[in-house]
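Below is the file data-v6.tsv, which contains TSV, N, CA and C atoms.
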chain	number	residue	atom	x	y	z
D	257	MET	N	24.02	-14.15	55.69
D	257	MET	CA	23.52	-13.73	54.39
D	257	MET	C	22.15	-14.39	54.19
D	258	SER	N	21.18	-13.62	53.77
D	258	SER	CA	19.84	-14.17	53.59
D	258	SER	C	19.80	-15.08	52.37
D	259	ASN	N	18.79	-15.94	52.34
D	259	ASN	CA	18.65	-16.88	51.22
D	259	ASN	C	18.44	-16.15	49.90
D	260	SER	N	17.66	-15.08	49.91
D	260	SER	CA	17.42	-14.35	48.65
D	260	SER	C	18.71	-13.69	48.15
D	261	LEU	N	19.53	-13.19	49.08
D	261	LEU	CA	20.80	-12.60	48.66
D	261	LEU	C	21.74	-13.67	48.12
D	262	ARG	N	21.77	-14.84	48.76
D	262	ARG	CA	22.58	-15.95	48.26
D	262	ARG	C	22.16	-16.35	46.86
D	263	LEU	N	20.85	-16.41	46.63
D	263	LEU	CA	20.33	-16.78	45.32
D	263	LEU	C	20.72	-15.75	44.27
D	264	MET	N	20.67	-14.46	44.64
D	264	MET	CA	21.06	-13.41	43.69
D	264	MET	C	22.54	-13.52	43.34
D	265	VAL	N	23.38	-13.80	44.34
D	265	VAL	CA	24.82	-13.96	44.09
D	265	VAL	C	25.06	-15.16	43.19
D	266	LEU	N	24.37	-16.27	43.48
D	266	LEU	CA	24.53	-17.48	42.66
D	266	LEU	C	24.09	-17.21	41.22
D	267	CYS	N	22.97	-16.50	41.03
D	267	CYS	CA	22.49	-16.18	39.68
D	267	CYS	C	23.52	-15.33	38.93
D	268	ALA	N	24.08	-14.33	39.61
D	268	ALA	CA	25.08	-13.48	38.97
D	268	ALA	C	26.32	-14.29	38.59
D	269	PHE	N	26.74	-15.17	39.49
D	269	PHE	CA	27.90	-16.02	39.22
D	269	PHE	C	27.65	-16.91	38.00
D	270	LEU	N	26.50	-17.58	37.96
D	270	LEU	CA	26.20	-18.48	36.85
D	270	LEU	C	26.02	-17.73	35.54
D	271	ALA	N	25.46	-16.52	35.58
D	271	ALA	CA	25.32	-15.72	34.37
D	271	ALA	C	26.70	-15.40	33.80
D	272	GLY	N	27.64	-15.03	34.68
D	272	GLY	CA	29.00	-14.76	34.23
D	272	GLY	C	29.68	-16.00	33.69
D	273	THR	N	29.42	-17.14	34.33
D	273	THR	CA	30.00	-18.41	33.89
D	273	THR	C	29.49	-18.78	32.50
D	274	LEU	N	28.18	-18.61	32.28
D	274	LEU	CA	27.61	-18.94	30.97
D	274	LEU	C	28.15	-18.01	29.88
D	275	ALA	N	28.33	-16.74	30.21
D	275	ALA	CA	28.89	-15.80	29.24
D	275	ALA	C	30.32	-16.19	28.90
D	276	ALA	N	31.09	-16.62	29.90
D	276	ALA	CA	32.47	-17.06	29.66
D	276	ALA	C	32.49	-18.31	28.80
D	277	GLN	N	31.54	-19.24	29.03
D	277	GLN	CA	31.47	-20.45	28.21
D	277	GLN	C	31.17	-20.10	26.76
D	278	ASP	N	30.25	-19.16	26.54
D	278	ASP	CA	29.92	-18.74	25.18
D	278	ASP	C	31.16	-18.16	24.49
D	279	GLN	N	31.93	-17.34	25.22
D	279	GLN	CA	33.13	-16.75	24.64
D	279	GLN	C	34.16	-17.82	24.33
D	280	LYS	N	34.34	-18.79	25.23
D	280	LYS	CA	35.30	-19.88	24.99
D	280	LYS	C	34.89	-20.68	23.77
D	281	ALA	N	33.60	-20.93	23.62
D	281	ALA	CA	33.13	-21.70	22.46
D	281	ALA	C	33.44	-20.96	21.17
D	282	GLN	N	33.28	-19.63	21.18
D	282	GLN	CA	33.59	-18.84	19.98
D	282	GLN	C	35.10	-18.83	19.71
D	283	ASP	N	35.91	-18.78	20.78
D	283	ASP	CA	37.36	-18.74	20.63
D	283	ASP	C	37.93	-20.06	20.11
D	284	HIS	N	37.25	-21.17	20.36
D	284	HIS	CA	37.77	-22.48	20.00
D	284	HIS	C	36.94	-23.16	18.90
D	285	LYS	N	36.43	-22.36	17.97
D	285	LYS	CA	35.65	-22.95	16.88
D	285	LYS	C	36.48	-23.97	16.13
D	286	GLY	N	35.85	-25.09	15.83
D	286	GLY	CA	36.53	-26.13	15.09
D	286	GLY	C	37.17	-27.18	15.98
D	287	LYS	N	37.46	-26.85	17.23
D	287	LYS	CA	38.05	-27.82	18.15
D	287	LYS	C	36.92	-28.48	18.94
D	288	PRO	N	37.04	-29.78	19.17
D	288	PRO	CA	36.01	-30.43	20.00
D	288	PRO	C	36.13	-29.99	21.45
D	289	ALA	N	35.01	-30.03	22.17
D	289	ALA	CA	35.05	-29.75	23.60
D	289	ALA	C	35.90	-30.82	24.27
D	290	PRO	N	36.72	-30.45	25.26
D	290	PRO	CA	37.58	-31.44	25.91
D	290	PRO	C	36.81	-32.53	26.64
D	291	VAL	N	35.61	-32.21	27.11
D	291	VAL	CA	34.80	-33.18	27.85
D	291	VAL	C	33.47	-33.37	27.13
D	292	ASP	N	33.09	-34.62	26.92
D	292	ASP	CA	31.82	-34.94	26.26
D	292	ASP	C	31.00	-35.83	27.19
D	293	VAL	N	29.74	-35.45	27.40
D	293	VAL	CA	28.83	-36.27	28.19
D	293	VAL	C	28.20	-37.27	27.23
D	294	ILE	N	28.55	-38.53	27.37
D	294	ILE	CA	28.04	-39.58	26.49
D	294	ILE	C	26.65	-40.01	26.93
D	295	GLU	N	26.46	-40.13	28.24
D	295	GLU	CA	25.16	-40.54	28.77
D	295	GLU	C	25.01	-39.93	30.16
D	296	MET	N	23.76	-39.57	30.49
D	296	MET	CA	23.50	-38.95	31.79
D	296	MET	C	22.09	-39.29	32.23
D	297	LYS	N	21.94	-39.76	33.45
D	297	LYS	CA	20.63	-40.04	34.03
D	297	LYS	C	20.64	-39.54	35.46
D	298	ALA	N	19.52	-38.94	35.86
D	298	ALA	CA	19.36	-38.44	37.23
D	298	ALA	C	17.99	-38.87	37.73
D	299	ARG	N	17.99	-39.39	38.96
D	299	ARG	CA	16.75	-39.91	39.54
D	299	ARG	C	16.68	-39.47	41.00
D	300	ARG	N	15.52	-38.96	41.38
D	300	ARG	CA	15.30	-38.54	42.75
D	300	ARG	C	14.86	-39.74	43.58
D	301	ALA	N	15.49	-39.94	44.74
D	301	ALA	CA	15.15	-41.03	45.65
D	301	ALA	C	15.29	-40.51	47.08
D	302	ASP	N	14.19	-40.53	47.82
D	302	ASP	CA	14.18	-40.02	49.20
D	302	ASP	C	14.73	-38.60	49.23
D	303	ASP	N	15.82	-38.37	49.95
D	303	ASP	CA	16.36	-37.01	50.07
D	303	ASP	C	17.67	-36.84	49.28
D	304	ILE	N	17.86	-37.67	48.24
D	304	ILE	CA	19.06	-37.58	47.41
D	304	ILE	C	18.67	-37.60	45.92
D	305	ILE	N	19.61	-37.21	45.10
D	305	ILE	CA	19.47	-37.36	43.66
D	305	ILE	C	20.60	-38.27	43.21
D	306	GLU	N	20.23	-39.42	42.65
D	306	GLU	CA	21.21	-40.38	42.17
D	306	GLU	C	21.53	-40.06	40.72
D	307	VAL	N	22.81	-39.87	40.44
D	307	VAL	CA	23.25	-39.49	39.11
D	307	VAL	C	24.22	-40.53	38.58
D	308	THR	N	24.01	-40.94	37.33
D	308	THR	CA	24.96	-41.77	36.61
D	308	THR	C	25.30	-40.99	35.34
D	309	ALA	N	26.58	-40.70	35.19
D	309	ALA	CA	27.04	-39.95	34.02
D	309	ALA	C	28.26	-40.65	33.43
D	310	HIS	N	28.27	-40.76	32.11
D	310	HIS	CA	29.40	-41.36	31.40
D	310	HIS	C	30.04	-40.23	30.59
D	311	VAL	N	31.30	-39.90	30.91
D	311	VAL	CA	31.99	-38.80	30.25
D	311	VAL	C	33.26	-39.29	29.57
D	312	LYS	N	33.70	-38.52	28.58
D	312	LYS	CA	34.88	-38.89	27.80
D	312	LYS	C	35.75	-37.65	27.57
D	313	ASN	N	37.07	-37.84	27.61
D	313	ASN	CA	38.00	-36.78	27.24
D	313	ASN	C	38.14	-36.82	25.72
D	314	THR	N	37.49	-35.88	25.05
D	314	THR	CA	37.55	-35.80	23.59
D	314	THR	C	38.56	-34.77	23.12
D	315	GLY	N	39.30	-34.21	24.06
D	315	GLY	CA	40.32	-33.23	23.72
D	315	GLY	C	41.61	-33.89	23.29
D	316	GLU	N	42.60	-33.05	23.05
D	316	GLU	CA	43.90	-33.52	22.59
D	316	GLU	C	44.92	-33.64	23.71
D	317	LYS	N	44.57	-33.14	24.91
D	317	LYS	CA	45.51	-33.13	26.03
D	317	LYS	C	44.92	-33.85	27.24
D	318	PRO	N	45.80	-34.37	28.12
D	318	PRO	CA	45.31	-34.93	29.38
D	318	PRO	C	44.66	-33.82	30.22
D	319	LEU	N	43.64	-34.16	30.96
D	319	LEU	CA	42.98	-33.21	31.85
D	319	LEU	C	43.40	-33.55	33.28
D	320	LYS	N	44.12	-32.66	33.92
D	320	LYS	CA	44.64	-32.91	35.26
D	320	LYS	C	43.66	-32.38	36.30
D	321	GLY	N	43.32	-33.22	37.28
D	321	GLY	CA	42.43	-32.80	38.36
D	321	GLY	C	41.03	-32.44	37.90
D	322	LEU	N	40.49	-33.21	36.96
D	322	LEU	CA	39.16	-32.90	36.39
D	322	LEU	C	38.07	-33.02	37.44
D	323	GLN	N	37.24	-31.99	37.54
D	323	GLN	CA	36.06	-32.00	38.39
D	323	GLN	C	34.83	-31.80	37.53
D	324	ILE	N	33.80	-32.59	37.80
D	324	ILE	CA	32.52	-32.43	37.13
D	324	ILE	C	31.63	-31.61	38.05
D	325	ILE	N	30.95	-30.63	37.49
D	325	ILE	CA	30.09	-29.74	38.25
D	325	ILE	C	28.65	-29.99	37.84
D	326	PHE	N	27.81	-30.30	38.81
D	326	PHE	CA	26.39	-30.55	38.58
D	326	PHE	C	25.64	-29.28	38.95
D	327	LYS	N	24.98	-28.66	37.97
D	327	LYS	CA	24.27	-27.40	38.19
D	327	LYS	C	22.77	-27.68	38.15
D	328	PHE	N	22.11	-27.52	39.30
D	328	PHE	CA	20.68	-27.79	39.41
D	328	PHE	C	19.88	-26.55	39.01
D	329	GLU	N	18.80	-26.79	38.24
D	329	GLU	CA	17.92	-25.70	37.80
D	329	GLU	C	16.47	-26.06	38.08
D	330	ASP	N	15.63	-25.02	38.15
D	330	ASP	CA	14.19	-25.26	38.32
D	330	ASP	C	13.51	-25.32	36.95
D	331	ASN	N	12.17	-25.38	36.94
D	331	ASN	CA	11.40	-25.48	35.69
D	331	ASN	C	11.68	-24.34	34.71
D	332	ASP	N	12.01	-23.16	35.23
D	332	ASP	CA	12.24	-22.00	34.38
D	332	ASP	C	13.70	-21.85	33.96
D	333	GLY	N	14.55	-22.81	34.35
D	333	GLY	CA	15.96	-22.73	34.01
D	333	GLY	C	16.77	-21.87	34.97
D	334	ALA	N	16.14	-21.43	36.06
D	334	ALA	CA	16.85	-20.62	37.05
D	334	ALA	C	17.75	-21.52	37.90
D	335	PRO	N	18.98	-21.08	38.17
D	335	PRO	CA	19.89	-21.90	38.97
D	335	PRO	C	19.42	-22.02	40.41
D	336	ILE	N	19.62	-23.21	40.99
D	336	ILE	CA	19.23	-23.45	42.38
D	336	ILE	C	20.46	-23.74	43.22
D	337	SER	N	21.29	-24.69	42.80
D	337	SER	CA	22.49	-25.03	43.57
D	337	SER	C	23.47	-25.78	42.66
D	338	THR	N	24.67	-25.99	43.18
D	338	THR	CA	25.68	-26.77	42.44
D	338	THR	C	26.35	-27.76	43.39
D	339	GLU	N	26.82	-28.84	42.82
D	339	GLU	CA	27.60	-29.86	43.53
D	339	GLU	C	28.78	-30.20	42.62
D	340	GLU	N	29.91	-30.56	43.21
D	340	GLU	CA	31.10	-30.92	42.43
D	340	GLU	C	31.59	-32.31	42.80
D	341	MET	N	32.22	-32.97	41.83
D	341	MET	CA	32.80	-34.28	42.08
D	341	MET	C	34.08	-34.40	41.25
D	342	LYS	N	35.14	-34.84	41.90
D	342	LYS	CA	36.41	-35.02	41.22
D	342	LYS	C	36.45	-36.40	40.55
D	343	ILE	N	36.96	-36.45	39.31
D	343	ILE	CA	37.16	-37.71	38.61
D	343	ILE	C	38.30	-38.45	39.30
D	344	ASP	N	38.19	-39.77	39.42
D	344	ASP	CA	39.18	-40.58	40.15
D	344	ASP	C	40.59	-40.49	39.54
D	345	GLU	N	40.68	-40.45	38.24
D	345	GLU	CA	41.99	-40.43	37.58
D	345	GLU	C	42.68	-39.08	37.82
D	346	THR	N	43.97	-39.09	38.21
D	346	THR	CA	44.68	-37.83	38.41
D	346	THR	C	44.93	-37.13	37.08
D	347	ARG	N	45.13	-37.91	36.04
D	347	ARG	CA	45.26	-37.36	34.68
D	347	ARG	C	44.28	-38.11	33.80
D	348	PHE	N	43.26	-37.42	33.34
D	348	PHE	CA	42.22	-38.00	32.49
D	348	PHE	C	42.71	-37.87	31.06
D	349	MET	N	43.23	-38.97	30.52
D	349	MET	CA	43.93	-38.97	29.23
D	349	MET	C	42.98	-38.82	28.04
D	350	PRO	N	43.49	-38.30	26.90
D	350	PRO	CA	42.66	-38.19	25.70
D	350	PRO	C	42.09	-39.56	25.30
D	351	GLY	N	40.81	-39.59	25.00
D	351	GLY	CA	40.14	-40.82	24.62
D	351	GLY	C	39.63	-41.63	25.80
D	352	ALA	N	40.07	-41.28	27.01
D	352	ALA	CA	39.63	-42.03	28.21
D	352	ALA	C	38.18	-41.71	28.53
D	353	GLU	N	37.50	-42.70	29.12
D	353	GLU	CA	36.11	-42.55	29.53
D	353	GLU	C	36.01	-42.87	31.01
D	354	SER	N	35.01	-42.27	31.65
D	354	SER	CA	34.79	-42.52	33.07
D	354	SER	C	33.29	-42.50	33.34
D	355	THR	N	32.85	-43.43	34.19
D	355	THR	CA	31.45	-43.46	34.60
D	355	THR	C	31.36	-42.99	36.04
D	356	LEU	N	30.52	-42.01	36.27
D	356	LEU	CA	30.32	-41.46	37.60
D	356	LEU	C	29.00	-41.98	38.15
D	357	ASN	N	29.03	-42.56	39.31
D	357	ASN	CA	27.83	-42.95	40.04
D	357	ASN	C	27.88	-42.19	41.35
D	358	VAL	N	27.02	-41.21	41.49
D	358	VAL	CA	27.12	-40.31	42.63
D	358	VAL	C	25.74	-40.03	43.22
D	359	GLN	N	25.72	-39.85	44.51
D	359	GLN	CA	24.50	-39.44	45.20
D	359	GLN	C	24.70	-38.02	45.68
D	360	LEU	N	23.83	-37.12	45.22
D	360	LEU	CA	23.94	-35.70	45.54
D	360	LEU	C	22.79	-35.29	46.45
D	361	ARG	N	23.02	-34.25	47.23
D	361	ARG	CA	21.94	-33.72	48.08
D	361	ARG	C	20.78	-33.28	47.21
D	362	ASP	N	19.57	-33.59	47.64
D	362	ASP	CA	18.39	-33.19	46.90
D	362	ASP	C	18.18	-31.69	47.01
D	363	SER	N	17.86	-31.08	45.91
D	363	SER	CA	17.40	-29.70	45.86
D	363	SER	C	15.94	-29.79	45.44
D	364	PRO	N	15.01	-29.70	46.40
D	364	PRO	CA	13.61	-30.01	46.15
D	364	PRO	C	12.98	-29.33	44.93
D	365	ARG	N	13.38	-28.10	44.62
D	365	ARG	CA	12.79	-27.41	43.46
D	365	ARG	C	13.48	-27.76	42.15
D	366	ALA	N	14.59	-28.47	42.21
D	366	ALA	CA	15.36	-28.79	41.00
D	366	ALA	C	14.62	-29.79	40.13
D	367	THR	N	14.55	-29.50	38.85
D	367	THR	CA	13.93	-30.40	37.89
D	367	THR	C	14.90	-30.83	36.79
D	368	GLU	N	16.04	-30.09	36.67
D	368	GLU	CA	17.02	-30.38	35.62
D	368	GLU	C	18.44	-30.22	36.17
D	369	ILE	N	19.38	-30.88	35.47
D	369	ILE	CA	20.79	-30.76	35.81
D	369	ILE	C	21.58	-30.45	34.53
D	370	LEU	N	22.47	-29.48	34.63
D	370	LEU	CA	23.45	-29.18	33.59
D	370	LEU	C	24.80	-29.65	34.12
D	371	LEU	N	25.68	-30.09	33.23
D	371	LEU	CA	27.02	-30.50	33.66
D	371	LEU	C	28.05	-29.50	33.18
D	372	GLY	N	28.99	-29.21	34.05
D	372	GLY	CA	30.12	-28.36	33.73
D	372	GLY	C	31.38	-29.10	34.13
D	373	ALA	N	32.54	-28.50	33.87
D	373	ALA	CA	33.80	-29.15	34.24
D	373	ALA	C	34.87	-28.10	34.48
D	374	GLU	N	35.80	-28.47	35.36
D	374	GLU	CA	36.99	-27.66	35.64
D	374	GLU	C	38.19	-28.57	35.68
D	375	THR	N	39.33	-28.05	35.28
D	375	THR	CA	40.59	-28.77	35.42
D	375	THR	C	41.63	-27.78	35.92
D	376	SER	N	42.28	-28.15	37.00
D	376	SER	CA	43.30	-27.29	37.62
D	376	SER	C	42.76	-25.89	37.87
D	377	GLY	N	41.49	-25.79	38.27
D	377	GLY	CA	40.87	-24.51	38.59
D	377	GLY	C	40.34	-23.71	37.42
D	378	ALA	N	40.55	-24.19	36.19
D	378	ALA	CA	40.06	-23.48	35.01
D	378	ALA	C	38.88	-24.23	34.40
D	379	GLU	N	37.86	-23.48	34.02
D	379	GLU	CA	36.68	-24.08	33.43
D	379	GLU	C	36.99	-24.60	32.02
D	380	VAL	N	36.44	-25.77	31.68
D	380	VAL	CA	36.59	-26.32	30.34
D	380	VAL	C	35.21	-26.52	29.72
D	381	THR	N	35.18	-26.51	28.41
D	381	THR	CA	33.93	-26.67	27.67
D	381	THR	C	33.46	-28.12	27.75
D	382	VAL	N	32.14	-28.29	27.87
D	382	VAL	CA	31.54	-29.62	27.95
D	382	VAL	C	30.51	-29.75	26.83
D	383	ALA	N	30.68	-30.78	25.99
D	383	ALA	CA	29.71	-31.07	24.94
D	383	ALA	C	28.57	-31.89	25.55
D	384	ASN	N	27.37	-31.70	25.05
D	384	ASN	CA	26.18	-32.41	25.54
D	384	ASN	C	25.98	-32.19	27.04
D	385	ALA	N	26.15	-30.95	27.49
D	385	ALA	CA	26.09	-30.61	28.91
D	385	ALA	C	24.67	-30.65	29.49
D	386	GLY	N	23.67	-30.74	28.66
D	386	GLY	CA	22.30	-30.79	29.16
D	386	GLY	C	21.56	-29.52	28.80
D	387	PRO	N	20.46	-29.29	29.44
D	387	PRO	CA	20.00	-29.84	30.71
D	387	PRO	C	19.38	-31.24	30.56
D	388	TYR	N	19.52	-32.01	31.64
D	388	TYR	CA	18.95	-33.35	31.74
D	388	TYR	C	17.87	-33.34	32.81
D	389	GLN	N	16.75	-33.97	32.51
D	389	GLN	CA	15.62	-34.04	33.44
D	389	GLN	C	15.95	-34.93	34.63
D	390	ILE	N	15.48	-34.54	35.81
D	390	ILE	CA	15.57	-35.39	36.99
D	390	ILE	C	14.27	-36.19	37.04
D	391	GLU	N	14.39	-37.50	37.00
D	391	GLU	CA	13.21	-38.36	36.99
D	391	GLU	C	12.64	-38.50	38.39
Starting from the file, give its structure as structure tokens.
Amino acid sequence: MSNSLRLMVLCAFLAGTLAAQDQKAQDHKGKPAPVDVIEMKARRADDIIEVTAHVKNTGEKPLKGLQIIFKFEDNDGAPISTEEMKIDETRFMPGAESTLNVQLRDSPRATEILLGAETSGAEVTVANAGPYQIE
């Protein structure tokens, strides 16, 4: 598959994901997002992007198998690539916080990162998802 075709598929996928997030936000008015990004910093170093993110379960239920999704974008907000990382806790309990220190592959054109989340294969809403600048 050519790079341009891969990029088109990724753009279509992310557009559908964002539309689904908007619908979920409308369906759950009044309820807090289950995951809240308290703090997020991203810094480019050599051929990696070092990310430190502090997240909290602000929902009412434990989140089983929580994965944080890092969505890289360029200056125009166009998607470039994604990376995923599983939270260490098997059940991320309500009120629990976790700090992620991760080194991700550099995406040279990436200037910003958005955060997403999944639990047990289902996408969950993230408050303060970004975008965050890569320093």
> Just how far from CA of Asp292 in chain D is atom C of Gly315 in chain D, in Å to one decimal?
Replying inline: 10.3 Å
> In Å to one decimal, how far is atom C of Asp303 in chain D from CA of Glu379 in chain D?
Replying inline: 27.8 Å
> Could you state the separation of CA of Ala298 in chain D and atom N of Glu316 in chain D in Å, given to one decimal place?
Replying inline: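 Separation of CA of Ala298 in chain D and atom N of Glu316 in chain D: 27.8 Å.
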Find the residues around Glu306 in chain D up to 8 Å (all atoms listed in the file counted), leave out those fewer than 3 positions away in its own chain, and share them as a CSV table (one decimal) with N, CA and C atoms, in the coordinates of the input.
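Written file, result-v8.csv:
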chain,number,residue,atom,x,y,z
D,297,LYS,N,21.9,-39.8,33.4
D,297,LYS,CA,20.6,-40.0,34.0
D,297,LYS,C,20.6,-39.5,35.5
D,298,ALA,N,19.5,-38.9,35.9
D,298,ALA,CA,19.4,-38.4,37.2
D,298,ALA,C,18.0,-38.9,37.7
D,299,ARG,N,18.0,-39.4,39.0
D,299,ARG,CA,16.8,-39.9,39.5
D,299,ARG,C,16.7,-39.5,41.0
D,300,ARG,N,15.5,-39.0,41.4
D,300,ARG,CA,15.3,-38.5,42.8
D,300,ARG,C,14.9,-39.7,43.6
D,301,ALA,N,15.5,-39.9,44.7
D,301,ALA,CA,15.2,-41.0,45.6
D,301,ALA,C,15.3,-40.5,47.1
D,303,ASP,N,15.8,-38.4,50.0
D,303,ASP,CA,16.4,-37.0,50.1
D,303,ASP,C,17.7,-36.8,49.3
D,309,ALA,N,26.6,-40.7,35.2
D,309,ALA,CA,27.0,-40.0,34.0
D,309,ALA,C,28.3,-40.6,33.4
D,357,ASN,N,29.0,-42.6,39.3
D,357,ASN,CA,27.8,-43.0,40.0
D,357,ASN,C,27.9,-42.2,41.4
D,358,VAL,N,27.0,-41.2,41.5
D,358,VAL,CA,27.1,-40.3,42.6
D,358,VAL,C,25.7,-40.0,43.2
D,359,GLN,N,25.7,-39.8,44.5
D,359,GLN,CA,24.5,-39.4,45.2
D,359,GLN,C,24.7,-38.0,45.7
D,360,LEU,N,23.8,-37.1,45.2
D,360,LEU,CA,23.9,-35.7,45.5
D,360,LEU,C,22.8,-35.3,46.4
D,361,ARG,N,23.0,-34.2,47.2
D,361,ARG,CA,21.9,-33.7,48.1
D,361,ARG,C,20.8,-33.3,47.2
D,362,ASP,N,19.6,-33.6,47.6
D,362,ASP,CA,18.4,-33.2,46.9
D,362,ASP,C,18.2,-31.7,47.0
>> Residues within 7 Å of Glu374 in chain D, please, as an NGL selection string. Count only N, CA and C atoms; anything in the same chain fewer than 4 positions from it doesn't count.
In response: :D and (320-325 or 378-380)
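Ranking D:Asn384, D:Thr308, D:Gln389, D:Thr314 by their shortest atom-to-atom distance to Glu353 in chain D, with only C-alpha atoms included, puts D:Thr314 first.
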